[in-house]
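Below you'll find the structure, written out as structure tokens, and then a few comments.
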Amino acid sequence: MKISVNKKERQVIKGFAFLLLILFSLVFTLNHHLGYSLADSCLIKLGIPSWSNEYEPGINIHYTILIGLPLFLIGYKYSRFYLNNVYPSFMRRLIFIVIAFIFVYPTVTDKMMYLIKFNASGLDAITYYQKKSKCTFHSNPETLGNMACNLTLVNYSGKSMVISVIPNIAKTNFWKDMKESFEGIEIEPVSMQLSPRSKQNMGIYFKFKQTSHFNGSGSIENVALDIEIN
């Protein structure tokens with residue numbers, strides 16, 4: 001049995017294909033609830049930085065945008081080309097739909113994780129918002145120091161969990177000269193309790209010892225964190 005498709009139907013099929021390209025470009029390149037995009041994650045897994053110079057002063061190019069923007073423009077141009085005469089009212093509203101999607105996307109992904117990880121347990125049930133973290137530190141000549149951190153963690157499981165956390169300076173990306181200053185520092189872990197199915201923003205106070213002679217104060221953001229279940 002031969003199924004014939006007329007010219008208008010072919011236009012609609014092509015138009016919806018380019019609408020899907022728009023959706024893909026947005027989902028792939030927009031920052032989700034954790035503060036980075038799927039494209040960022042893919043580039044990092046391939047060993048490619050998502051930014052040209054993120055943790056150093058100077059001009060900084062976001063490679064993800066260089067991937068997503070051309071895809072979006074192609075999808076937008078050709079979806080209008082094929083669908084403007086078929087669904088003119090919808091196409092006039094398309095740009096406003098895109099803008100609304102950009103604003104709600106982080107919230108939608110945040111809520112979706114509660115469904116996706118509804119039955120998760122252990123470390124798989126815990127998410128740490130690294131992009132929203134910040135620590136201020138102070139050290140003195142007596143080789144003692146402290147670090148006050150603002151950290152956001154989520155427990156997606158239905159059970160209360162007790163965990164230990166410790167900032168991982170070695171895995172934290174920031175200016176090279178500052179990173180070298182932290183060599184020889186031993187930070188003591190801190191235990192805390194996470195309520196069931198909750199997002200908690202906490203101020204946590206860490207103490208550290210140092211074998212080097214680092215002396216000073218400052219702050220770092222996007223702090224890597226080691227988490228263990230107690």
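Residues are referred to by chain and number: the chain letter is A, B, ... according to the order shown in the structure tokens, the number counts from 1 in that chain, and ligands are numbered separately from 1 in the order shown.
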Name the residues in contact with Phe208 (chain A) at a cut-off of 6 Å, using only C-alpha atoms, excluding same-chain residues fewer than 6 positions from it; report them as a list in words.
->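 Final neighbour list, sorted by chain and number: Gly145, Asn146, Glu186, Ile187 and Glu188 of chain A.
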Please dump the current selection as a compact mmCIF listing (two decimals), in the first residue's frame; keep C-alpha atoms.
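Result went into again-v8.txt, see below:
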# COMPACT_ATOMS: atom_id res chain seq x y z
CA GLY A 145 42.85 28.36 59.60
CA ASN A 146 39.13 28.38 58.99
CA GLU A 186 44.25 19.60 55.50
CA ILE A 187 40.56 20.46 55.98
CA GLU A 188 38.56 18.67 58.66
Step one, run DSSP on the backbone; step two, keep only residues of region 31-191 of chain A assigned to strand (DSSP E); then write them as a ChimeraX atom specification.
-> /A:126-128,134-139,144-155,161-167,185-187,190-191
Residues at most 12 Å from Ile166 (chain A), counting only C-alpha atoms, excluding those fewer than 5 positions away in the same chain, as a PyMOL selection string?
-> chain A and resi 135+147-149+151+171-172+186-192+204-208+223-228
Please measure the separation of CA of Leu34 (chain A) and CA of Gln130 (chain A), giving the value in Å to one decimal.
->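 Distance between the two atoms: 7.3 Å.
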Close residues, region 62-71 of chain A itself excluded, 12 Å, only C-alpha atoms, min 4 positions apart in chain, as a VMD selection string = chain A and resid 18 to 31 36 to 44 48 to 54 75 to 79
Store the residues picked out above, limited to N, CA, C and O atoms, as a short mmCIF file (atom, residue, chain, number, x, y, z; two decimals), in the first residue's frame.
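Saved the output as out.cif:
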data_model
loop_
_atom_site.label_atom_id
_atom_site.label_comp_id
_atom_site.auth_asym_id
_atom_site.auth_seq_id
_atom_site.Cartn_x
_atom_site.Cartn_y
_atom_site.Cartn_z
N PHE A 18 12.35 21.09 12.22
CA PHE A 18 13.16 22.24 12.61
C PHE A 18 12.72 22.81 13.96
O PHE A 18 13.53 23.38 14.69
N LEU A 19 11.44 22.65 14.32
CA LEU A 19 11.01 23.01 15.67
C LEU A 19 11.69 22.13 16.71
O LEU A 19 12.09 22.60 17.78
N LEU A 20 11.82 20.85 16.39
CA LEU A 20 12.54 19.94 17.28
C LEU A 20 14.00 20.33 17.40
O LEU A 20 14.62 20.17 18.46
N LEU A 21 14.58 20.85 16.31
CA LEU A 21 15.97 21.33 16.35
C LEU A 21 16.08 22.52 17.31
O LEU A 21 17.07 22.62 18.05
N ILE A 22 15.08 23.39 17.30
CA ILE A 22 15.07 24.51 18.25
C ILE A 22 15.04 23.98 19.68
O ILE A 22 15.81 24.42 20.55
N LEU A 23 14.15 23.02 19.94
CA LEU A 23 14.02 22.46 21.28
C LEU A 23 15.33 21.80 21.71
O LEU A 23 15.79 21.98 22.84
N PHE A 24 15.94 21.04 20.80
CA PHE A 24 17.21 20.39 21.12
C PHE A 24 18.29 21.42 21.45
O PHE A 24 19.04 21.25 22.42
N SER A 25 18.38 22.48 20.65
CA SER A 25 19.41 23.50 20.89
C SER A 25 19.23 24.16 22.25
O SER A 25 20.22 24.44 22.94
N LEU A 26 17.98 24.38 22.65
CA LEU A 26 17.72 25.00 23.95
C LEU A 26 18.06 24.05 25.10
O LEU A 26 18.75 24.43 26.06
N VAL A 27 17.56 22.82 25.03
CA VAL A 27 17.82 21.85 26.10
C VAL A 27 19.31 21.54 26.20
O VAL A 27 19.84 21.35 27.30
N PHE A 28 20.00 21.52 25.07
CA PHE A 28 21.41 21.16 25.04
C PHE A 28 22.31 22.27 25.58
O PHE A 28 23.35 21.98 26.18
N THR A 29 21.91 23.52 25.40
CA THR A 29 22.82 24.63 25.72
C THR A 29 22.39 25.49 26.90
O THR A 29 23.21 26.22 27.46
N LEU A 30 21.11 25.45 27.30
CA LEU A 30 20.68 26.26 28.45
C LEU A 30 21.17 25.65 29.76
O LEU A 30 21.26 24.42 29.90
N ASN A 31 21.48 26.50 30.71
CA ASN A 31 21.87 26.01 32.03
C ASN A 31 20.65 25.44 32.75
O ASN A 31 19.60 26.09 32.83
N TYR A 36 24.77 24.62 34.94
CA TYR A 36 25.52 24.37 33.72
C TYR A 36 24.64 23.58 32.76
O TYR A 36 23.54 23.16 33.12
N SER A 37 25.09 23.39 31.53
CA SER A 37 24.24 22.78 30.51
C SER A 37 24.68 21.36 30.18
O SER A 37 25.78 20.92 30.56
N LEU A 38 23.83 20.65 29.44
CA LEU A 38 24.19 19.32 28.95
C LEU A 38 25.40 19.40 28.02
O LEU A 38 26.26 18.52 28.02
N ALA A 39 25.48 20.47 27.23
CA ALA A 39 26.62 20.65 26.34
C ALA A 39 27.90 20.82 27.14
O ALA A 39 28.95 20.28 26.76
N ASP A 40 27.84 21.58 28.23
CA ASP A 40 29.02 21.74 29.10
C ASP A 40 29.50 20.37 29.59
O ASP A 40 30.70 20.08 29.57
N SER A 41 28.56 19.55 30.04
CA SER A 41 28.92 18.22 30.56
C SER A 41 29.56 17.36 29.48
O SER A 41 30.54 16.66 29.73
N CYS A 42 29.00 17.40 28.26
CA CYS A 42 29.54 16.60 27.15
C CYS A 42 30.96 17.04 26.80
O CYS A 42 31.85 16.20 26.58
N LEU A 43 31.19 18.35 26.75
CA LEU A 43 32.52 18.86 26.42
C LEU A 43 33.54 18.45 27.48
O LEU A 43 34.66 18.02 27.15
N ILE A 44 33.15 18.56 28.75
CA ILE A 44 34.06 18.20 29.83
C ILE A 44 34.41 16.71 29.79
O ILE A 44 35.56 16.32 30.00
N ILE A 48 37.34 18.61 26.88
CA ILE A 48 37.36 19.95 26.30
C ILE A 48 36.72 20.91 27.28
O ILE A 48 35.60 20.68 27.74
N PRO A 49 37.38 22.00 27.67
CA PRO A 49 36.75 22.96 28.58
C PRO A 49 35.56 23.64 27.92
O PRO A 49 35.57 23.89 26.72
N SER A 50 34.53 23.92 28.70
CA SER A 50 33.35 24.58 28.15
C SER A 50 33.55 26.09 28.00
O SER A 50 32.81 26.75 27.27
N TRP A 51 34.54 26.63 28.69
CA TRP A 51 34.91 28.04 28.57
C TRP A 51 36.36 28.14 28.15
O TRP A 51 37.18 27.29 28.52
N SER A 52 36.69 29.18 27.41
CA SER A 52 38.07 29.34 26.95
C SER A 52 39.01 29.75 28.06
O SER A 52 40.18 29.38 28.07
N ASN A 53 38.49 30.50 29.05
CA ASN A 53 39.37 31.06 30.07
C ASN A 53 38.61 31.33 31.35
O ASN A 53 38.73 32.39 31.95
N GLU A 54 37.83 30.35 31.80
CA GLU A 54 36.84 30.60 32.84
C GLU A 54 37.45 31.05 34.16
O GLU A 54 36.89 31.90 34.85
N GLY A 75 17.19 26.27 13.11
CA GLY A 75 15.85 25.77 13.42
C GLY A 75 14.80 26.86 13.34
O GLY A 75 13.71 26.64 12.81
N TYR A 76 15.12 28.04 13.85
CA TYR A 76 14.16 29.14 13.84
C TYR A 76 13.88 29.62 12.42
O TYR A 76 12.71 29.82 12.03
N LYS A 77 14.92 29.77 11.61
CA LYS A 77 14.75 30.26 10.24
C LYS A 77 13.89 29.32 9.41
O LYS A 77 12.94 29.74 8.75
N TYR A 78 14.23 28.03 9.46
CA TYR A 78 13.55 27.09 8.55
C TYR A 78 12.20 26.63 9.09
O TYR A 78 11.34 26.22 8.31
N SER A 79 12.00 26.67 10.39
CA SER A 79 10.65 26.38 10.90
C SER A 79 9.68 27.47 10.45
O SER A 79 8.54 27.19 10.08
#
Rank nothing, just name the residue among A:Asn60, A:Ser89, A:Ser139, A:Ser164 nearest to Leu194 (chain A), using only C-alpha atoms.
-> A:Ser164
Taking the chain letters and numbering used in this document, name the residues of region 8-227 of chain A that DSSP puts in helix (DSSP H, G or I), as a PyMOL selection string.
-> chain A and resi 8-29+38-45+63-83+88-116+122-125+130-132+169-171+176-181
Excluding Asn155 (chain A) and any residue of its chain fewer than 2 positions from it, enumerate the residues within 7 Å of it, using only C-alpha atoms, and give them as a PDB file with N, CA and C atoms, in the first residue's frame.
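File produced: result-v6.pdb:
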ATOM      1  N   ALA A 125      21.164   9.764  45.706  1.00  0.00           N
ATOM      2  CA  ALA A 125      20.019  10.596  46.072  1.00  0.00           C
ATOM      3  C   ALA A 125      20.425  12.020  46.431  1.00  0.00           C
ATOM      4  N   ILE A 126      21.712  12.295  46.424  1.00  0.00           N
ATOM      5  CA  ILE A 126      22.203  13.608  46.854  1.00  0.00           C
ATOM      6  C   ILE A 126      22.763  14.378  45.662  1.00  0.00           C
ATOM      7  N   THR A 127      22.383  15.623  45.554  1.00  0.00           N
ATOM      8  CA  THR A 127      22.925  16.513  44.530  1.00  0.00           C
ATOM      9  C   THR A 127      23.497  17.745  45.205  1.00  0.00           C
ATOM     10  N   LEU A 153      22.715  21.722  49.062  1.00  0.00           N
ATOM     11  CA  LEU A 153      22.610  20.294  48.780  1.00  0.00           C
ATOM     12  C   LEU A 153      21.146  19.878  48.762  1.00  0.00           C
ATOM     13  N   SER A 157      15.849  11.584  48.310  1.00  0.00           N
ATOM     14  CA  SER A 157      15.257  10.365  48.870  1.00  0.00           C
ATOM     15  C   SER A 157      14.185  10.711  49.895  1.00  0.00           C
ATOM     16  N   LEU A 194      20.544  15.822  56.339  1.00  0.00           N
ATOM     17  CA  LEU A 194      19.690  16.326  55.267  1.00  0.00           C
ATOM     18  C   LEU A 194      18.288  15.756  55.436  1.00  0.00           C
ATOM     19  N   SER A 195      17.310  16.627  55.461  1.00  0.00           N
ATOM     20  CA  SER A 195      15.918  16.196  55.596  1.00  0.00           C
ATOM     21  C   SER A 195      15.450  15.498  54.321  1.00  0.00           C
ATOM     22  N   PRO A 196      14.415  14.651  54.412  1.00  0.00           N
ATOM     23  CA  PRO A 196      13.905  13.955  53.226  1.00  0.00           C
ATOM     24  C   PRO A 196      13.364  14.921  52.177  1.00  0.00           C
ATOM     25  N   ARG A 197      13.637  14.641  50.901  1.00  0.00           N
ATOM     26  CA  ARG A 197      13.123  15.401  49.758  1.00  0.00           C
ATOM     27  C   ARG A 197      13.191  16.913  50.005  1.00  0.00           C
ATOM     28  N   SER A 198      14.400  17.382  50.257  1.00  0.00           N
ATOM     29  CA  SER A 198      14.555  18.798  50.585  1.00  0.00           C
ATOM     30  C   SER A 198      15.817  19.377  49.954  1.00  0.00           C
ATOM     31  N   LYS A 199      15.745  20.664  49.659  1.00  0.00           N
ATOM     32  CA  LYS A 199      16.919  21.423  49.236  1.00  0.00           C
ATOM     33  C   LYS A 199      17.320  22.318  50.403  1.00  0.00           C
TER      34      LYS A 199
END
Pick from A:Pro167, A:Pro106, A:Gly47, A:Gly15, whichever lies nearest to Arg80 (chain A) using only C-alpha atoms =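 Under the stated criterion, the closest residue is A:Gly15.
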Give me, please, the distance in Å between CA of His138 (chain A) and CA of Asn168 (chain A), quoted to one decimal.
->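 These two atoms are separated by 16.5 Å.
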What does the distance from CA of Asn222 (chain A) to CA of His32 (chain A) come to in Å, to one decimal?
->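 Those two atoms sit 15.6 Å apart.
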Counting only C-alpha atoms, which of A:Val154, A:Ile163, A:Val98, A:Ala17 gets nearest to Asp110 (chain A)?
->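 For Asp110 (chain A), the nearest of the candidates is A:Val154.
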